[in-house]
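Okay, input29.txt now, which holds compact mmCIF, C-alpha atoms:
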```txt
# COMPACT_ATOMS: atom_id res chain seq x y z
CA MET A 1 68.20 133.58 173.83
CA THR A 2 66.91 136.67 175.56
CA HIS A 3 64.74 139.23 173.89
CA LYS A 4 67.62 141.67 173.75
CA GLU A 5 69.93 139.18 172.02
CA ALA A 6 67.24 138.33 169.47
CA MET A 7 66.81 142.00 168.71
CA ILE A 8 70.56 142.47 168.13
CA LEU A 9 70.66 139.45 165.76
CA ARG A 10 67.76 140.81 163.70
CA ILE A 11 69.47 144.17 163.40
CA PHE A 12 72.76 142.54 162.27
CA VAL A 13 71.06 140.33 159.64
CA GLY A 14 69.16 143.32 158.34
CA ALA A 15 72.33 145.33 158.01
CA VAL A 16 74.01 142.52 156.07
CA LEU A 17 71.07 142.24 153.71
CA VAL A 18 71.04 145.98 153.08
CA ALA A 19 74.81 145.96 152.39
CA ALA A 20 74.46 143.04 149.99
CA LEU A 21 71.68 144.76 148.16
CA LEU A 22 73.63 147.99 147.86
CA PHE A 23 76.79 146.14 146.56
CA GLY A 24 74.80 144.14 144.00
CA THR A 25 73.12 147.27 142.76
CA TYR A 26 76.54 149.01 142.42
CA TYR A 27 78.19 146.01 140.70
CA TYR A 28 75.34 145.64 138.21
CA SER A 29 75.41 149.31 137.39
CA SER A 30 79.20 149.23 136.93
CA TYR A 31 79.11 146.16 134.71
CA LYS A 32 76.35 147.59 132.59
CA SER A 33 78.29 150.82 132.25
CA THR A 34 81.48 148.97 131.07
CA ALA A 35 79.52 146.86 128.61
CA ASN A 36 77.94 149.99 127.25
CA GLU A 37 81.35 151.65 126.92
CA VAL A 38 82.81 148.64 125.06
CA ALA A 39 79.84 148.52 122.74
CA ASP A 40 80.12 152.22 122.16
CA LEU A 41 83.84 151.96 121.35
CA ILE A 42 83.23 149.12 118.95
CA ASN A 43 80.46 151.06 117.22
CA LYS A 44 82.73 154.07 116.89
CA GLY A 45 85.49 151.87 115.56
CA ASN A 46 83.14 150.40 112.97
CA ALA A 47 82.06 153.87 111.94
CA TYR A 48 85.68 154.91 111.48
CA MET A 49 86.30 151.78 109.40
CA ASP A 50 83.39 152.66 107.13
CA ALA A 51 84.88 156.13 106.75
CA GLU A 52 88.32 154.58 106.03
CA CYS A 53 89.75 156.38 109.07
CA TYR A 54 91.76 153.39 110.10
CA PRO A 55 94.10 154.90 112.76
CA GLU A 56 91.03 156.18 114.66
CA ALA A 57 89.34 152.79 114.28
CA VAL A 58 92.41 151.05 115.72
CA GLU A 59 92.41 153.42 118.69
CA CYS A 60 88.74 152.65 119.47
CA TYR A 61 89.15 148.90 119.12
CA GLU A 62 92.28 148.86 121.28
CA ARG A 63 90.49 150.83 124.03
CA ALA A 64 87.65 148.30 123.86
CA LEU A 65 90.14 145.45 124.08
CA GLU A 66 91.49 146.88 127.34
CA HIS A 67 88.13 145.97 128.88
CA GLU A 68 87.64 142.70 127.00
CA GLU A 69 91.13 141.27 126.52
CA GLY A 70 89.92 137.85 125.47
CA ASP A 71 87.38 139.03 122.91
CA ASP A 72 88.45 137.51 119.56
CA ARG A 73 85.98 139.67 117.68
CA ILE A 74 87.70 142.83 118.86
CA ARG A 75 91.13 141.38 118.06
CA SER A 76 89.96 140.48 114.56
CA ALA A 77 88.61 144.01 114.13
CA ILE A 78 92.01 145.46 115.07
CA VAL A 79 93.77 143.14 112.60
CA LYS A 80 91.37 144.18 109.84
CA ALA A 81 91.97 147.85 110.62
CA TYR A 82 95.76 147.44 110.49
CA MET A 83 95.54 145.50 107.20
CA SER A 84 93.31 148.20 105.67
CA MET A 85 95.64 150.93 106.94
CA ALA A 86 98.63 149.13 105.42
CA THR A 87 96.91 149.06 102.05
CA GLN A 88 96.61 152.85 102.22
CA TYR A 89 100.34 153.19 102.86
CA GLY A 90 101.26 151.12 99.79
CA ASP A 91 104.87 149.80 99.83
CA SER A 92 106.16 152.20 102.48
CA ASP A 93 107.82 151.48 105.80
CA GLU A 94 104.58 152.56 107.47
CA ALA A 95 102.77 149.76 105.64
CA ILE A 96 105.31 147.23 106.94
CA ILE A 97 104.73 148.48 110.49
CA CYS A 98 100.97 148.02 110.05
CA TYR A 99 101.39 144.47 108.77
CA GLU A 100 103.75 143.70 111.66
CA ASN A 101 101.17 145.06 114.13
CA ALA A 102 98.54 142.83 112.56
CA ILE A 103 100.87 139.84 112.92
CA SER A 104 101.55 140.69 116.58
CA ILE A 105 97.83 140.27 117.23
CA ASN A 106 97.36 137.29 114.91
CA PRO A 107 100.63 135.40 114.18
CA ASP A 108 98.73 133.16 111.75
CA ASN A 109 98.10 136.07 109.38
CA LYS A 110 99.49 134.67 106.10
CA THR A 111 98.35 137.67 104.08
CA ALA A 112 100.36 140.06 106.27
CA TYR A 113 103.51 137.95 105.91
CA TRP A 114 103.13 137.75 102.14
CA SER A 115 102.48 141.48 101.94
CA ILE A 116 105.69 142.31 103.83
CA ALA A 117 107.65 139.82 101.75
CA ASN A 118 106.32 141.34 98.52
CA ILE A 119 107.33 144.83 99.63
CA TYR A 120 110.93 143.74 100.26
CA GLU A 121 110.98 141.79 97.02
CA GLY A 122 109.85 144.90 95.16
CA ARG A 123 112.71 146.81 96.77
CA GLY A 124 115.18 144.17 95.65
CA ASP A 125 115.96 143.26 99.26
CA GLU A 126 115.86 139.50 98.76
CA ASP A 127 117.64 138.69 102.02
CA THR A 128 115.02 140.42 104.16
CA MET A 129 112.24 138.91 102.08
CA LEU A 130 113.62 135.43 102.80
CA GLU A 131 113.80 136.22 106.53
CA VAL A 132 110.13 137.26 106.47
CA LEU A 133 109.07 134.12 104.62
CA HIS A 134 111.12 131.91 106.96
CA LYS A 135 109.36 133.44 109.97
CA GLY A 136 106.01 133.33 108.20
CA PHE A 137 106.38 129.60 107.54
CA GLU A 138 107.30 128.99 111.17
CA ASP A 139 104.21 130.90 112.40
CA THR A 140 101.65 129.89 109.80
CA GLY A 141 102.89 126.63 108.30
CA ASP A 142 102.17 128.04 104.84
CA GLU A 143 103.95 125.60 102.50
CA SER A 144 103.88 128.09 99.64
CA MET A 145 106.21 130.34 101.69
CA ASN A 146 108.55 127.45 102.28
CA ALA A 147 108.41 126.54 98.57
CA LYS A 148 109.35 130.07 97.53
CA VAL A 149 112.23 130.16 99.98
CA PHE A 150 113.47 126.83 98.68
CA ALA A 151 113.20 127.94 95.05
CA ILE A 152 115.11 131.16 95.69
CA GLU A 153 117.82 129.45 97.72
CA GLU A 154 118.15 126.78 95.04
CA GLU A 155 118.47 129.46 92.35
CA ARG A 156 121.04 131.27 94.47
CA ALA A 157 123.01 128.06 94.81
CA ARG A 158 122.88 127.57 91.04
CA ILE A 159 124.06 131.13 90.39
CA GLN A 160 126.81 130.76 92.97
CA ALA A 161 127.92 127.49 91.37
CA GLU A 162 127.99 129.16 87.96
CA GLU A 163 129.94 132.09 89.37
CA GLU A 164 132.42 129.75 91.02
CA ALA A 165 132.75 127.86 87.74
CA ARG A 166 133.26 131.14 85.88
CA ILE A 167 135.92 132.25 88.34
CA ALA A 168 137.61 128.87 88.10
CA GLU A 169 137.51 129.11 84.31
CA GLU A 170 138.97 132.62 84.39
CA GLU A 171 141.70 131.48 86.76
CA ALA A 172 142.47 128.54 84.50
CA LYS A 173 142.49 130.86 81.49
CA ARG A 174 144.76 133.29 83.35
CA ALA A 175 147.10 130.47 84.29
CA GLU A 176 147.09 129.29 80.68
CA GLU A 177 147.84 132.81 79.44
CA GLU A 178 150.67 133.11 81.94
CA ALA A 179 152.08 129.79 80.74
CA ARG A 180 151.88 130.97 77.13
CA ALA A 181 153.46 134.29 78.04
CA ALA A 182 156.26 132.35 79.69
CA MET A 183 156.83 130.69 76.32
CA LEU A 184 156.58 133.89 74.30
CA ASP A 185 158.49 136.28 76.56
CA PRO A 186 161.97 134.82 75.88
CA LEU A 187 161.42 135.47 72.17
CA LYS A 188 161.02 139.23 72.64
CA GLU A 189 164.65 139.81 73.47
CA LEU A 190 165.84 137.73 70.51
CA PHE A 191 163.48 139.52 68.12
CA ALA A 192 164.48 142.93 69.46
CA ALA A 193 168.15 142.07 69.01
CA GLU A 194 167.43 140.67 65.51
CA ASP A 195 169.21 137.51 66.60
CA TYR A 196 167.35 135.42 64.05
CA ASP A 197 169.77 132.48 64.15
CA SER A 198 169.11 132.02 67.87
CA LEU A 199 165.41 132.48 67.20
CA LYS A 200 165.43 129.72 64.62
CA ASP A 201 167.09 127.37 67.07
CA LYS A 202 164.58 128.27 69.77
CA LEU A 203 161.54 127.84 67.55
CA ARG A 204 162.75 124.42 66.41
CA GLU A 205 162.87 123.09 69.95
CA ASP A 206 160.31 120.37 70.64
CA GLU A 207 158.37 122.43 73.20
CA TYR A 208 157.95 125.33 70.75
CA VAL A 209 156.97 123.03 67.90
CA ALA A 210 154.32 121.50 70.18
CA PHE A 211 153.33 124.98 71.36
CA ALA A 212 152.79 126.14 67.76
CA GLU A 213 150.57 123.15 67.04
CA GLU A 214 148.10 124.37 69.69
CA VAL A 215 147.06 127.32 67.53
CA ILE A 216 144.22 126.49 65.16
CA GLY A 217 142.39 128.79 62.75
CA ASP A 218 142.19 132.49 63.57
CA ASN A 219 143.17 131.92 67.18
CA SER A 220 146.49 133.32 68.40
CA TYR A 221 148.54 133.59 71.59
CA TYR A 222 149.98 136.91 72.72
CA SER A 223 152.26 138.51 75.23
CA GLY A 224 152.67 142.26 75.27
CA ASP A 225 150.95 145.58 75.82
CA TYR A 226 147.20 146.24 76.01
CA ASP A 227 144.98 149.30 75.92
CA ILE A 228 142.38 150.13 78.58
CA ASP A 229 139.80 148.03 76.72
CA GLY A 230 141.98 144.93 76.87
CA ARG A 231 142.98 145.07 73.20
CA ARG A 232 146.50 144.46 71.97
CA GLU A 233 148.18 147.84 71.70
CA GLY A 234 151.84 148.79 71.49
CA TYR A 235 154.57 146.17 71.26
CA GLY A 236 154.18 142.47 71.72
CA VAL A 237 154.92 139.01 70.41
CA ALA A 238 152.24 136.63 69.14
CA LEU A 239 151.96 133.12 67.79
CA TYR A 240 149.66 132.36 64.87
CA GLU A 241 148.58 129.22 63.05
CA ASN A 242 151.21 127.08 61.28
CA GLY A 243 154.01 128.28 63.54
CA TYR A 244 154.19 131.93 62.46
CA PHE A 245 155.60 134.16 65.22
CA TYR A 246 155.18 137.92 65.01
CA TYR A 247 157.04 140.57 66.93
CA GLY A 248 156.22 144.25 66.56
CA GLN A 249 153.51 146.83 66.87
CA PHE A 250 149.80 146.32 67.46
CA HIS A 251 146.88 148.72 67.25
CA GLU A 252 143.31 147.94 68.31
CA ASP A 253 144.08 144.24 68.59
CA MET A 254 145.66 143.97 65.12
CA ARG A 255 149.20 143.98 63.78
CA SER A 256 149.82 147.56 62.73
CA GLY A 257 153.03 149.52 62.27
CA HIS A 258 156.39 147.81 61.94
CA GLY A 259 156.74 144.13 62.63
CA VAL A 260 158.61 140.92 61.89
CA LEU A 261 156.92 137.64 60.97
CA MET A 262 158.98 134.47 61.26
CA ARG A 263 158.55 130.75 60.79
CA ALA A 264 161.38 128.31 61.43
CA SER A 265 159.72 124.91 61.65
CA TYR A 266 158.51 123.09 58.55
CA PRO A 267 157.77 119.46 57.63
CA GLU A 268 160.88 117.40 56.96
CA SER A 269 159.77 116.97 53.35
CA SER A 270 160.05 120.72 52.79
CA SER A 271 163.24 122.25 51.45
CA ILE A 272 162.60 125.59 53.16
CA GLY A 273 164.23 126.09 56.53
CA SER A 274 162.90 129.49 57.59
CA PHE A 275 160.90 132.49 56.44
CA ILE A 276 161.09 136.08 57.67
CA TYR A 277 159.04 139.09 56.66
CA ASP A 278 160.32 142.41 58.00
CA GLY A 279 158.22 145.43 57.14
CA GLU A 280 155.08 147.50 57.55
CA TRP A 281 151.68 146.23 58.67
CA SER A 282 148.11 147.48 58.84
CA ASP A 283 144.74 145.76 59.31
CA ASP A 284 146.61 142.72 60.65
CA MET A 285 148.35 142.14 57.29
CA PRO A 286 151.58 143.17 55.55
CA ASN A 287 150.80 146.53 53.97
CA GLY A 288 153.57 148.84 52.81
CA GLU A 289 157.28 148.42 52.26
CA GLY A 290 158.81 145.19 53.41
CA LYS A 291 161.28 142.42 52.74
CA ALA A 292 160.46 138.70 52.62
CA THR A 293 163.40 136.35 53.13
CA SER A 294 163.29 132.60 52.52
CA ASN A 295 166.16 130.34 53.52
CA TYR A 296 166.45 126.80 52.15
CA TYR A 297 168.39 123.73 53.25
CA LYS A 298 171.30 123.44 50.82
CA ASP A 299 171.19 119.67 50.84
CA ARG A 300 167.56 119.73 49.70
CA ILE A 301 167.97 121.99 46.65
CA SER A 302 169.76 121.78 43.33
CA ALA A 303 172.92 123.73 42.54
CA SER A 304 170.96 126.19 40.40
CA ASP A 305 168.35 126.92 43.07
CA PHE A 306 168.56 129.77 45.53
CA ALA A 307 169.63 128.87 49.04
CA THR A 308 168.57 132.34 50.18
CA LYS A 309 165.96 134.52 48.50
CA GLU A 310 165.04 138.08 49.45
CA ILE A 311 162.13 139.88 47.84
CA SER A 312 161.68 143.52 48.74
CA GLY A 313 159.12 146.08 47.64
CA ASN A 314 155.54 147.04 48.35
CA TYR A 315 152.96 144.63 49.70
CA THR A 316 149.19 145.07 49.75
CA ASN A 317 147.31 142.77 52.12
CA GLY A 318 150.28 140.43 52.05
CA LEU A 319 150.59 140.29 48.23
CA GLU A 320 153.36 141.73 46.06
CA ASP A 321 152.12 144.97 44.52
CA GLY A 322 154.46 147.20 42.54
CA THR A 323 158.10 147.01 41.56
CA MET A 324 159.76 144.13 43.38
CA THR A 325 163.46 143.29 43.75
CA LEU A 326 164.51 139.67 44.17
CA THR A 327 168.03 138.99 45.37
CA GLY A 328 169.03 135.36 45.46
CA VAL A 329 172.15 133.53 46.59
CA LYS A 330 172.69 130.11 45.06
CA ARG A 331 174.03 127.11 46.87
CA SER A 332 177.36 127.80 45.21
CA GLY A 333 177.40 131.31 46.63
CA GLU A 334 176.60 133.07 43.36
CA LYS A 335 174.36 136.08 43.73
CA ARG A 336 171.63 137.17 41.33
CA THR A 337 169.32 140.18 41.33
CA PHE A 338 166.07 140.55 39.41
CA LYS A 339 163.52 143.33 39.19
CA TYR A 340 159.94 142.69 38.15
CA THR A 341 156.48 144.17 38.48
CA ALA A 342 153.55 142.57 40.26
CA LYS A 343 149.95 143.61 40.69
CA ASP A 344 147.68 142.08 43.33
CA GLY A 345 150.23 139.32 43.82
CA ILE A 346 150.53 138.35 40.13
CA ALA A 347 153.88 138.99 38.43
CA GLU A 348 153.65 140.64 35.02
CA ARG A 349 155.26 139.15 31.89
CA SER A 350 158.44 141.01 30.91
CA SER A 351 159.41 139.07 27.77
CA ASN A 352 157.72 136.95 25.16
CA ASP A 353 160.80 134.73 24.87
CA ASN A 354 160.40 131.09 25.65
CA SER A 355 161.02 130.60 29.36
CA GLY A 356 162.30 127.09 28.84
CA VAL A 357 159.91 125.86 31.52
CA LYS A 358 156.52 124.52 30.51
CA GLY A 359 153.62 126.57 31.81
CA GLN A 360 155.79 129.46 32.98
CA TYR A 361 156.60 132.87 31.55
CA ILE A 362 159.50 135.26 32.03
CA ILE A 363 159.02 138.07 34.55
CA ALA A 364 162.66 139.28 34.75
CA GLN A 365 166.10 138.62 33.25
CA THR A 366 169.68 139.40 34.06
CA ASP A 367 171.29 142.20 32.06
CA ASP A 368 172.95 139.71 29.72
CA LYS A 369 169.73 137.69 29.53
CA SER A 370 171.67 134.62 30.52
CA GLU A 371 169.25 133.82 33.29
CA SER A 372 165.55 134.39 33.66
CA LEU A 373 163.11 134.57 36.53
CA THR A 374 159.84 132.87 35.70
CA SER A 375 156.32 132.54 37.09
CA ASP A 376 153.35 130.28 36.44
CA GLY A 377 150.92 133.08 37.30
CA SER A 378 150.41 132.01 40.90
CA GLU A 379 150.04 134.58 43.65
CA ARG A 380 153.25 135.90 45.13
CA GLY A 381 153.60 137.47 48.54
CA VAL A 382 154.20 136.90 52.23
CA GLU A 383 153.87 133.36 53.50
CA GLY A 384 150.61 132.78 55.30
CA PHE A 385 148.77 135.45 53.29
CA ILE A 386 148.94 133.99 49.78
CA GLY A 387 145.60 132.69 48.63
CA GLU A 388 143.68 134.38 51.44
```
Once more with this new file: its structure as structure tokens, please.
Amino acid sequence: MTHKEAMILRIFVGAVLVAALLFGTYYYSSYKSTANEVADLINKGNAYMDAECYPEAVECYERALEHEEGDDRIRSAIVKAYMSMATQYGDSDEAIICYENAISINPDNKTAYWSIANIYEGRGDEDTMLEVLHKGFEDTGDESMNAKVFAIEEERARIQAEEEARIAEEEAKRAEEEARAAMLDPLKELFAAEDYDSLKDKLREDEYVAFAEEVIGDNSYYSGDYDIDGRREGYGVALYENGYFYYGQFHEDMRSGHGVLMRASYPESSSIGSFIYDGEWSDDMPNGEGKATSNYYKDRISASDFATKEISGNYTNGLEDGTMTLTGVKRSGEKRTFKYTAKDGIAERSSNDNSGVKGQYIIAQTDDKSESLTSDGSERGVEGFIGE
């Protein structure tokens, strides 16, 4: 190597060394400047946190994170700032956004998920709450979230099952009411036409006898008009216990106004064939003027008994009350009329003469006193209301 070449080499090496030294100095200065900036931003962020100025703290931490993207301490600081900010916002939408921001940085943040879920639960938005808990369980594995979701869904299933059962019960009840109405509706026309002979025949049919046996106690079946509250109002026909059918007016769910009560099916051991009360009603009972007619099977009574007996007058809660007129037609066709007075269903004595029947007293006589009407003091009134 010549002297000239050696000189050139020394100059080149020197230049490289100078360049390297200058670059190292620049890089060190730059790095130290960035580190100082990050530290400064973190310190500012911490100061804002102490002052509860959380939006400003978040801004400082996020700027620091731009320089140190992998720094978990900075990420944790941002999460803490968002969580603190959310607490300030209470149950608002802004709080939800803060919790969501915290989750975006740390998907394992169980507290943030629970906080969002609680907000939606407080709002009554159960569907969104379940969505949050579903996602929270997927991200955090928190079994308590899964347990709450399961409990709510199980309760929902129970409520739905009860609702379905209720609907099914209502549909069954509606179908039953329609079936009963189908039985009662044909009677309306016969009652309205006062075609009582056809009614008797209808009510003695096996299906109506069986139908009447379904009614027990104070229960009753009805077909007719209702008011806006679902109470019986207006005209209708109803079936009551012991085979009593009523057709007439209703008010506030009770028989009120004019109506006809009829029974046409009795045990075979009974001599009575049918009973009809036609008159005024109130408080679900015969109250006012009315006529009670009893018809008997002629082959089950003696010649002196009445085959048909009509008692007209005033009734109070189903009991004879006032001056009553009894018109009877014997099996032979003879007709007799008696007038007597009753109070609270008990007929008053009209004569001290011997009635001829042990334990009974005279309550009325024919004009020639050839025949007497007697009573043993028992209550008198409309069938189905005596003794009540």
- Note on the structure: Restricting to all atoms listed in the file, whichever of A:Arg300, A:Asp305, A:Ile116, A:Gly313 is closest to Thr128 (chain A) is A:Ile116
Kindly provide, as JSON, the centre and edge lengths (Å, one decimal) of an axis-aligned box around all atoms of region 207-212 of chain A given in the file, with 6 Å on each side.
```
{"center_x": 155.6, "center_y": 123.8, "center_z": 70.5, "size_x": 17.6, "size_y": 16.6, "size_z": 17.4}
```
- Would you kindly return, as a list in words, each protein, DNA or RNA residue with an atom no farther than 10 Å from any atom of region 119-122 of chain A, considering all atoms listed in the file and excluding same-chain residues fewer than 6 positions away?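 Here the qualifying residues turn out to be Gly90, Asp91, Ser92, Asp93, Ala95, Ile96, Thr128, Met129, Leu130 and Val132 of chain A.
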- Give as a ChimeraX atom specification each residue that has an atom at most 6 Å from (159.7, 142.8, 56.8) in the file, counting all atoms listed in the file. /A:260,277-279,290-292
- Which polymer residues have any atom within 7 Å of an atom of Glu348 (chain A), counting only C-alpha atoms, with same-chain residues fewer than 4 positions away left out, as a ChimeraX atom specification? /A:341-342,363
- Item | Nearby residues (only C-alpha atoms) at most 8 Å from Tyr61 (chain A), same-chain spacing under 4 positions excluded, as JSON, numbers by chain | {"A": [41, 42, 45, 57, 65, 74, 75, 77, 78]}
